[in-house]
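Student: File data.cif below, mmCIF, N, CA and C atoms:
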data_data
loop_
_atom_site.label_atom_id
_atom_site.label_comp_id
_atom_site.auth_asym_id
_atom_site.auth_seq_id
_atom_site.Cartn_x
_atom_site.Cartn_y
_atom_site.Cartn_z
N MET A 1 10.38 -12.95 -0.22
CA MET A 1 10.26 -11.67 -0.91
C MET A 1 8.89 -11.03 -0.66
N ILE A 2 7.82 -11.82 -0.69
CA ILE A 2 6.49 -11.29 -0.44
C ILE A 2 6.44 -10.69 0.95
N ALA A 3 6.97 -11.40 1.92
CA ALA A 3 6.96 -10.91 3.30
C ALA A 3 7.68 -9.57 3.39
N CYS A 4 8.76 -9.42 2.64
CA CYS A 4 9.52 -8.16 2.64
C CYS A 4 8.64 -7.01 2.17
N TYR A 5 7.94 -7.19 1.05
CA TYR A 5 7.08 -6.13 0.54
C TYR A 5 5.99 -5.80 1.54
N PHE A 6 5.33 -6.83 2.07
CA PHE A 6 4.22 -6.58 2.97
C PHE A 6 4.70 -5.99 4.28
N SER A 7 5.84 -6.44 4.78
CA SER A 7 6.39 -5.88 6.02
C SER A 7 6.67 -4.40 5.86
N ARG A 8 7.24 -4.01 4.75
CA ARG A 8 7.52 -2.59 4.52
C ARG A 8 6.23 -1.81 4.45
N LEU A 9 5.23 -2.40 3.82
CA LEU A 9 3.94 -1.75 3.71
C LEU A 9 3.38 -1.48 5.10
N LEU A 10 3.42 -2.46 5.96
CA LEU A 10 2.88 -2.31 7.30
C LEU A 10 3.71 -1.35 8.14
N LEU A 11 5.02 -1.29 7.90
CA LEU A 11 5.86 -0.36 8.64
C LEU A 11 5.43 1.07 8.42
N VAL A 12 5.15 1.42 7.19
CA VAL A 12 4.75 2.79 6.90
C VAL A 12 3.33 3.01 7.40
N GLY A 13 2.53 1.97 7.38
CA GLY A 13 1.21 2.07 7.98
C GLY A 13 0.07 2.30 7.03
N VAL A 14 0.33 2.23 5.74
CA VAL A 14 -0.76 2.36 4.80
C VAL A 14 -0.54 1.41 3.66
N VAL A 15 -1.58 0.88 3.15
CA VAL A 15 -1.48 -0.01 2.01
C VAL A 15 -1.64 0.80 0.76
N LEU A 16 -1.77 2.03 0.88
CA LEU A 16 -2.07 2.92 -0.19
C LEU A 16 -0.86 3.14 -1.09
N GLY A 17 -0.23 2.08 -1.49
CA GLY A 17 0.95 2.18 -2.33
C GLY A 17 2.15 2.63 -1.58
N SER A 18 2.11 2.62 -0.32
CA SER A 18 3.07 3.27 0.51
C SER A 18 4.44 2.66 0.52
N PHE A 19 4.58 1.51 1.04
CA PHE A 19 5.85 0.88 1.31
C PHE A 19 6.78 1.88 1.97
N SER A 20 8.01 1.93 1.61
CA SER A 20 8.94 2.76 2.36
C SER A 20 9.33 4.02 1.62
N VAL A 21 8.55 4.41 0.62
CA VAL A 21 8.87 5.63 -0.11
C VAL A 21 8.85 6.84 0.81
N ALA A 22 7.90 6.89 1.72
CA ALA A 22 7.79 8.05 2.61
C ALA A 22 8.99 8.19 3.51
N ARG A 23 9.69 7.11 3.76
CA ARG A 23 10.87 7.16 4.61
C ARG A 23 12.14 7.40 3.79
N GLY A 24 11.98 7.65 2.50
CA GLY A 24 13.13 7.93 1.67
C GLY A 24 13.80 6.68 1.13
N GLU A 25 13.18 5.53 1.32
CA GLU A 25 13.74 4.30 0.78
C GLU A 25 13.07 4.01 -0.56
N SER A 26 13.71 4.41 -1.62
CA SER A 26 13.10 4.24 -2.94
C SER A 26 13.42 2.88 -3.54
N GLY A 27 14.08 2.00 -2.79
CA GLY A 27 14.48 0.72 -3.32
C GLY A 27 13.37 -0.29 -3.49
N VAL A 28 12.12 0.06 -3.22
CA VAL A 28 11.01 -0.85 -3.41
C VAL A 28 10.26 -0.51 -4.70
N TRP A 29 10.26 0.76 -5.06
CA TRP A 29 9.55 1.23 -6.25
C TRP A 29 10.51 1.47 -7.41
N ALA A 30 10.07 1.14 -8.61
CA ALA A 30 10.79 1.53 -9.82
C ALA A 30 10.72 3.06 -9.90
N PRO A 31 11.73 3.70 -10.50
CA PRO A 31 11.73 5.17 -10.58
C PRO A 31 10.46 5.73 -11.22
N ASP A 32 9.88 5.01 -12.17
CA ASP A 32 8.65 5.48 -12.82
C ASP A 32 7.44 4.69 -12.32
N GLY A 33 7.55 4.10 -11.13
CA GLY A 33 6.45 3.33 -10.56
C GLY A 33 5.21 4.17 -10.43
N VAL A 34 4.05 3.52 -10.53
CA VAL A 34 2.79 4.24 -10.48
C VAL A 34 1.78 3.48 -9.62
N GLU A 35 0.98 4.24 -8.89
CA GLU A 35 -0.09 3.67 -8.10
C GLU A 35 -1.41 4.23 -8.61
N PHE A 36 -2.39 3.34 -8.76
CA PHE A 36 -3.73 3.72 -9.19
C PHE A 36 -4.69 3.51 -8.03
N VAL A 37 -5.30 4.59 -7.57
CA VAL A 37 -6.25 4.55 -6.46
C VAL A 37 -7.48 5.32 -6.91
N HIS A 38 -8.60 4.63 -6.95
CA HIS A 38 -9.85 5.22 -7.43
C HIS A 38 -9.59 5.81 -8.81
N GLU A 39 -9.88 7.06 -9.02
CA GLU A 39 -9.66 7.66 -10.34
C GLU A 39 -8.35 8.41 -10.42
N LYS A 40 -7.51 8.28 -9.40
CA LYS A 40 -6.25 9.04 -9.36
C LYS A 40 -5.07 8.12 -9.60
N GLN A 41 -3.97 8.74 -10.04
CA GLN A 41 -2.72 8.00 -10.15
C GLN A 41 -1.58 8.86 -9.62
N PHE A 42 -0.60 8.16 -9.06
CA PHE A 42 0.58 8.80 -8.47
C PHE A 42 1.79 8.14 -9.10
N ARG A 43 2.62 8.95 -9.78
CA ARG A 43 3.73 8.39 -10.55
C ARG A 43 5.06 8.95 -10.07
N GLY A 44 6.03 8.06 -9.91
CA GLY A 44 7.37 8.47 -9.52
C GLY A 44 7.52 8.63 -8.02
N HIS A 45 8.76 8.56 -7.57
CA HIS A 45 9.04 8.59 -6.13
C HIS A 45 8.48 9.83 -5.43
N GLU A 46 8.56 10.98 -6.05
CA GLU A 46 8.11 12.21 -5.41
C GLU A 46 6.60 12.19 -5.16
N GLU A 47 5.81 11.85 -6.17
CA GLU A 47 4.36 11.80 -6.00
C GLU A 47 3.95 10.69 -5.03
N LEU A 48 4.62 9.55 -5.12
CA LEU A 48 4.30 8.44 -4.22
C LEU A 48 4.62 8.80 -2.77
N ALA A 49 5.74 9.47 -2.54
CA ALA A 49 6.11 9.87 -1.19
C ALA A 49 5.08 10.84 -0.61
N ALA A 50 4.62 11.79 -1.42
CA ALA A 50 3.62 12.75 -0.95
C ALA A 50 2.31 12.03 -0.62
N ARG A 51 1.92 11.12 -1.46
CA ARG A 51 0.68 10.35 -1.23
C ARG A 51 0.78 9.53 0.06
N VAL A 52 1.89 8.82 0.22
CA VAL A 52 2.08 7.97 1.37
C VAL A 52 2.10 8.79 2.66
N THR A 53 2.82 9.88 2.64
CA THR A 53 2.90 10.73 3.82
C THR A 53 1.53 11.24 4.23
N GLY A 54 0.77 11.71 3.26
CA GLY A 54 -0.58 12.22 3.56
C GLY A 54 -1.50 11.14 4.10
N ALA A 55 -1.46 9.97 3.50
CA ALA A 55 -2.31 8.86 3.95
C ALA A 55 -1.89 8.40 5.34
N TYR A 56 -0.60 8.30 5.55
CA TYR A 56 -0.10 7.87 6.86
C TYR A 56 -0.58 8.83 7.95
N GLU A 57 -0.40 10.12 7.70
CA GLU A 57 -0.79 11.12 8.69
C GLU A 57 -2.29 11.10 8.95
N ALA A 58 -3.09 10.92 7.91
CA ALA A 58 -4.54 10.95 8.05
C ALA A 58 -5.09 9.71 8.76
N PHE A 59 -4.53 8.55 8.47
CA PHE A 59 -5.14 7.32 8.94
C PHE A 59 -4.40 6.62 10.08
N VAL A 60 -3.09 6.63 10.06
CA VAL A 60 -2.32 5.82 11.01
C VAL A 60 -1.71 6.66 12.13
N ALA A 61 -1.02 7.73 11.78
CA ALA A 61 -0.37 8.55 12.81
C ALA A 61 -1.38 9.12 13.79
N SER A 62 -2.59 9.32 13.31
CA SER A 62 -3.66 9.85 14.16
C SER A 62 -4.11 8.85 15.22
N GLY A 63 -3.74 7.59 15.03
CA GLY A 63 -4.17 6.55 15.96
C GLY A 63 -5.55 6.00 15.64
N LYS A 64 -6.16 6.53 14.59
CA LYS A 64 -7.51 6.10 14.24
C LYS A 64 -7.53 4.67 13.70
N TYR A 65 -6.47 4.29 12.95
CA TYR A 65 -6.43 2.97 12.32
C TYR A 65 -5.06 2.33 12.44
N ALA A 66 -5.08 1.01 12.34
CA ALA A 66 -3.87 0.21 12.14
C ALA A 66 -4.06 -0.52 10.82
N VAL A 67 -2.99 -0.71 10.09
CA VAL A 67 -3.06 -1.43 8.83
C VAL A 67 -2.82 -2.91 9.12
N THR A 68 -3.70 -3.73 8.57
CA THR A 68 -3.56 -5.17 8.75
C THR A 68 -3.74 -5.88 7.42
N SER A 69 -3.42 -7.13 7.42
CA SER A 69 -3.58 -7.97 6.24
C SER A 69 -4.68 -8.97 6.51
N ALA A 70 -5.35 -9.39 5.45
CA ALA A 70 -6.34 -10.46 5.57
C ALA A 70 -5.64 -11.82 5.55
N GLY A 71 -4.30 -11.82 5.45
CA GLY A 71 -3.54 -13.06 5.47
C GLY A 71 -3.59 -13.83 4.17
N ASP A 72 -3.81 -13.13 3.07
CA ASP A 72 -3.97 -13.80 1.79
C ASP A 72 -2.95 -13.38 0.74
N VAL A 73 -1.76 -13.00 1.16
CA VAL A 73 -0.72 -12.58 0.22
C VAL A 73 -0.33 -13.76 -0.66
N THR A 74 -0.30 -13.52 -1.96
CA THR A 74 0.12 -14.55 -2.90
C THR A 74 0.92 -13.92 -4.03
N ARG A 75 1.80 -14.71 -4.63
CA ARG A 75 2.62 -14.22 -5.73
C ARG A 75 2.68 -15.24 -6.84
N HIS A 76 2.61 -14.75 -8.07
CA HIS A 76 2.79 -15.58 -9.25
C HIS A 76 3.67 -14.79 -10.21
N ASP A 77 4.89 -15.27 -10.40
CA ASP A 77 5.86 -14.58 -11.24
C ASP A 77 6.03 -13.12 -10.80
N ASP A 78 5.60 -12.17 -11.64
CA ASP A 78 5.82 -10.76 -11.32
C ASP A 78 4.57 -10.07 -10.76
N ILE A 79 3.60 -10.86 -10.29
CA ILE A 79 2.37 -10.29 -9.74
C ILE A 79 2.24 -10.69 -8.27
N VAL A 80 1.96 -9.70 -7.41
CA VAL A 80 1.69 -9.93 -5.99
C VAL A 80 0.29 -9.39 -5.71
N ILE A 81 -0.51 -10.20 -5.01
CA ILE A 81 -1.88 -9.81 -4.69
C ILE A 81 -2.14 -10.04 -3.20
N PHE A 82 -2.81 -9.09 -2.57
CA PHE A 82 -3.19 -9.26 -1.17
C PHE A 82 -4.34 -8.33 -0.83
N THR A 83 -4.96 -8.59 0.31
CA THR A 83 -6.03 -7.74 0.82
C THR A 83 -5.48 -6.93 1.99
N ALA A 84 -5.65 -5.63 1.91
CA ALA A 84 -5.21 -4.72 2.96
C ALA A 84 -6.43 -4.21 3.70
N GLN A 85 -6.25 -3.94 4.99
CA GLN A 85 -7.37 -3.49 5.81
C GLN A 85 -6.95 -2.34 6.71
N LEU A 86 -7.89 -1.47 7.03
CA LEU A 86 -7.72 -0.47 8.07
C LEU A 86 -8.63 -0.89 9.21
N ARG A 87 -8.01 -1.15 10.38
CA ARG A 87 -8.76 -1.59 11.56
C ARG A 87 -8.76 -0.51 12.62
N THR A 88 -9.90 -0.37 13.27
CA THR A 88 -10.01 0.56 14.39
C THR A 88 -9.32 -0.07 15.60
N PRO A 89 -9.06 0.72 16.65
CA PRO A 89 -8.42 0.15 17.85
C PRO A 89 -9.20 -1.02 18.46
N ASP A 90 -10.52 -1.08 18.23
CA ASP A 90 -11.29 -2.20 18.78
C ASP A 90 -11.32 -3.42 17.84
N GLY A 91 -10.61 -3.32 16.70
CA GLY A 91 -10.49 -4.46 15.79
C GLY A 91 -11.48 -4.49 14.64
N THR A 92 -12.35 -3.51 14.56
CA THR A 92 -13.32 -3.45 13.47
C THR A 92 -12.62 -3.09 12.16
N VAL A 93 -12.92 -3.82 11.09
CA VAL A 93 -12.37 -3.49 9.77
C VAL A 93 -13.28 -2.42 9.16
N ASP A 94 -12.75 -1.20 9.04
CA ASP A 94 -13.52 -0.09 8.47
C ASP A 94 -13.28 0.08 6.97
N TRP A 95 -12.18 -0.46 6.48
CA TRP A 95 -11.84 -0.30 5.05
C TRP A 95 -11.08 -1.53 4.62
N GLU A 96 -11.30 -1.94 3.37
CA GLU A 96 -10.60 -3.10 2.84
C GLU A 96 -10.41 -2.92 1.34
N ALA A 97 -9.25 -3.34 0.85
CA ALA A 97 -8.97 -3.24 -0.58
C ALA A 97 -8.13 -4.42 -1.03
N ARG A 98 -8.34 -4.81 -2.27
CA ARG A 98 -7.48 -5.80 -2.92
C ARG A 98 -6.38 -4.99 -3.59
N VAL A 99 -5.14 -5.40 -3.37
CA VAL A 99 -3.99 -4.71 -3.93
C VAL A 99 -3.29 -5.65 -4.90
N PHE A 100 -3.06 -5.16 -6.11
CA PHE A 100 -2.36 -5.91 -7.15
C PHE A 100 -1.08 -5.16 -7.48
N LEU A 101 0.05 -5.81 -7.30
CA LEU A 101 1.34 -5.21 -7.62
C LEU A 101 1.94 -5.91 -8.83
N LEU A 102 2.44 -5.15 -9.76
CA LEU A 102 3.18 -5.68 -10.90
C LEU A 102 4.63 -5.30 -10.68
N LEU A 103 5.48 -6.32 -10.55
CA LEU A 103 6.90 -6.09 -10.29
C LEU A 103 7.69 -6.05 -11.58
N GLY A 104 8.78 -5.32 -11.56
CA GLY A 104 9.66 -5.23 -12.72
C GLY A 104 11.03 -5.78 -12.38
N PRO A 105 12.03 -5.41 -13.18
CA PRO A 105 13.40 -5.87 -12.92
C PRO A 105 13.82 -5.53 -11.49
N GLY A 106 14.52 -6.47 -10.87
CA GLY A 106 14.97 -6.28 -9.50
C GLY A 106 13.83 -6.38 -8.49
N ASN A 107 12.68 -6.87 -8.93
CA ASN A 107 11.48 -6.98 -8.08
C ASN A 107 11.00 -5.63 -7.55
N LEU A 108 11.30 -4.55 -8.29
CA LEU A 108 10.79 -3.24 -7.91
C LEU A 108 9.35 -3.12 -8.40
N ILE A 109 8.52 -2.40 -7.64
CA ILE A 109 7.12 -2.24 -8.01
C ILE A 109 7.02 -1.28 -9.19
N ARG A 110 6.44 -1.77 -10.28
CA ARG A 110 6.19 -0.93 -11.46
C ARG A 110 4.79 -0.34 -11.41
N GLU A 111 3.81 -1.17 -11.03
CA GLU A 111 2.43 -0.72 -10.99
C GLU A 111 1.76 -1.27 -9.74
N ASP A 112 0.91 -0.45 -9.13
CA ASP A 112 0.20 -0.80 -7.91
C ASP A 112 -1.26 -0.39 -8.12
N TYR A 113 -2.14 -1.38 -8.11
CA TYR A 113 -3.57 -1.11 -8.29
C TYR A 113 -4.28 -1.41 -6.98
N GLN A 114 -5.05 -0.46 -6.49
CA GLN A 114 -5.77 -0.61 -5.24
C GLN A 114 -7.27 -0.57 -5.53
N LEU A 115 -7.94 -1.69 -5.28
CA LEU A 115 -9.38 -1.79 -5.58
C LEU A 115 -10.14 -1.92 -4.27
N THR A 116 -10.83 -0.87 -3.90
CA THR A 116 -11.56 -0.87 -2.65
C THR A 116 -12.74 -1.83 -2.72
N VAL A 117 -12.82 -2.71 -1.73
CA VAL A 117 -13.95 -3.65 -1.65
C VAL A 117 -14.87 -3.30 -0.48
N LYS A 118 -14.36 -2.53 0.47
CA LYS A 118 -15.16 -2.04 1.58
C LYS A 118 -14.75 -0.59 1.83
N PRO A 119 -15.55 0.36 1.38
CA PRO A 119 -15.19 1.76 1.57
C PRO A 119 -15.25 2.19 3.04
N LEU A 120 -14.52 3.25 3.36
CA LEU A 120 -14.59 3.82 4.71
C LEU A 120 -16.01 4.30 4.99
N PRO A 121 -16.45 4.16 6.24
CA PRO A 121 -17.80 4.67 6.57
C PRO A 121 -17.86 6.18 6.37
N ALA A 122 -19.01 6.65 6.03
CA ALA A 122 -19.20 8.08 5.77
C ALA A 122 -19.14 8.90 7.04
#
Give the structure from the file, written as structure tokens.

Tutor:
Amino acid sequence: MIACYFSRLLLVGVVLGSFSVARGESGVWAPDGVEFVHEKQFRGHEELAARVTGAYEAFVASGKYAVTSAGDVTRHDDIVIFTAQLRTPDGTVDWEARVFLLLGPGNLIREDYQLTVKPLPA
């Protein structure tokens, strides 16, 4: 199950709460799912899809970054935790965040907290 969530995340290309919402697959997020990034929050499929699309276009579709994992995905009951990274084409990690997911019924994501540990360079 963890691999499924992370695989979908990497498919879309952003760890920014993305998963497959941008592709119209709402089966990963609860209908009232919410993502907390910095001081902002994105609630529901519509807001999440807009956020994911914008992040994907800015960071991944441009070819500037690839999304990678630090290889530390772990799960305990309804909590999934992992480190997400944005890597440049030469392999440099320019951004890193710890991601905490709280799952609900059906293992749908209810809450997604993204805590930046290495901000993007200015």

Student: May I have the residues within 7 Å of segment 115-117 of chain A as a list in words, using only C-alpha atoms and disregarding those fewer than 6 positions away in the same chain?

Tutor: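 Those residues are Glu96, Ala97, Arg98 and Val99 of chain A.
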
Student: According to DSSP computed on the backbone, where in segment 8-112 of chain A is there alpha helix (DSSP H)? Give the residues as a list in words.

Tutor: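 Of segment 8-112 of chain A, the ones in alpha helix (DSSP H) are Arg8, Leu9, Leu10, Leu11, Val12, Gly44, His45, Glu46, Glu47, Leu48, Ala49, Ala50, Arg51, Val52, Thr53, Gly54 and Ala55 of chain A.
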
Student: Taking the file above as input, evaluate the PyMOL selection byres (((chain A and resi 80 and name CA) around 6) and name CA) and report the hits as a list in words.

Tutor: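 Given this file, the PyMOL selection byres (((chain A and resi 80 and name CA) around 6) and name CA) evaluates to Thr74, Arg75, Ile79, Ile81, Phe100 and Leu101 of chain A.
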
Student: I'd like to see the residues matched by the PyMOL selection byres ((chain A and resi 31) around 5) on this file, and ideally I'd get them as JSON, numbers by chain.

Tutor: {"A": [29, 30, 32, 33, 44, 45]}

Student: So what do you get for atom CA of Glu57 of chain A versus atom CA of Phe42 of chain A, distance-wise?

Tutor: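 Between atom CA of Glu57 of chain A and atom CA of Phe42 of chain A the gap works out to 17.4 Å.
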
Student: Taking only C-alpha atoms into account, which of A:Pro119, A:Arg87, A:Gly71, A:Asp78 comes nearest Leu103 of chain A?

Tutor: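 Nearest to Leu103 of chain A: A:Asp78.
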
Student: Might you spell out which residues the PyMOL selection byres ((chain A and resi 121) around 7) would select in the displayed file, as a PyMOL selection string?

Tutor: chain A and resi 94-95+118-120+122

Student: Check the smallest atom-to-atom distance from each of A:Ala49, A:Ala55, A:Val37, A:Ala66 to Pro89 of chain A using all atoms listed in the file, then report the winner.

Tutor: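 The shortest atom-to-atom distance to Pro89 of chain A comes from A:Ala66.
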
Student: Enter the distance from atom CA of Glu35 of chain A to atom CA of Leu102 of chain A, in Å, rounded to one decimal.

Tutor: 10.3 Å

Student: What is the atom C of Asp72 of chain A-atom C of Glu39 of chain A distance in Å, reported with one decimal?

Tutor: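 Going from atom C of Asp72 of chain A over to atom C of Glu39 of chain A, I get 25.1 Å.
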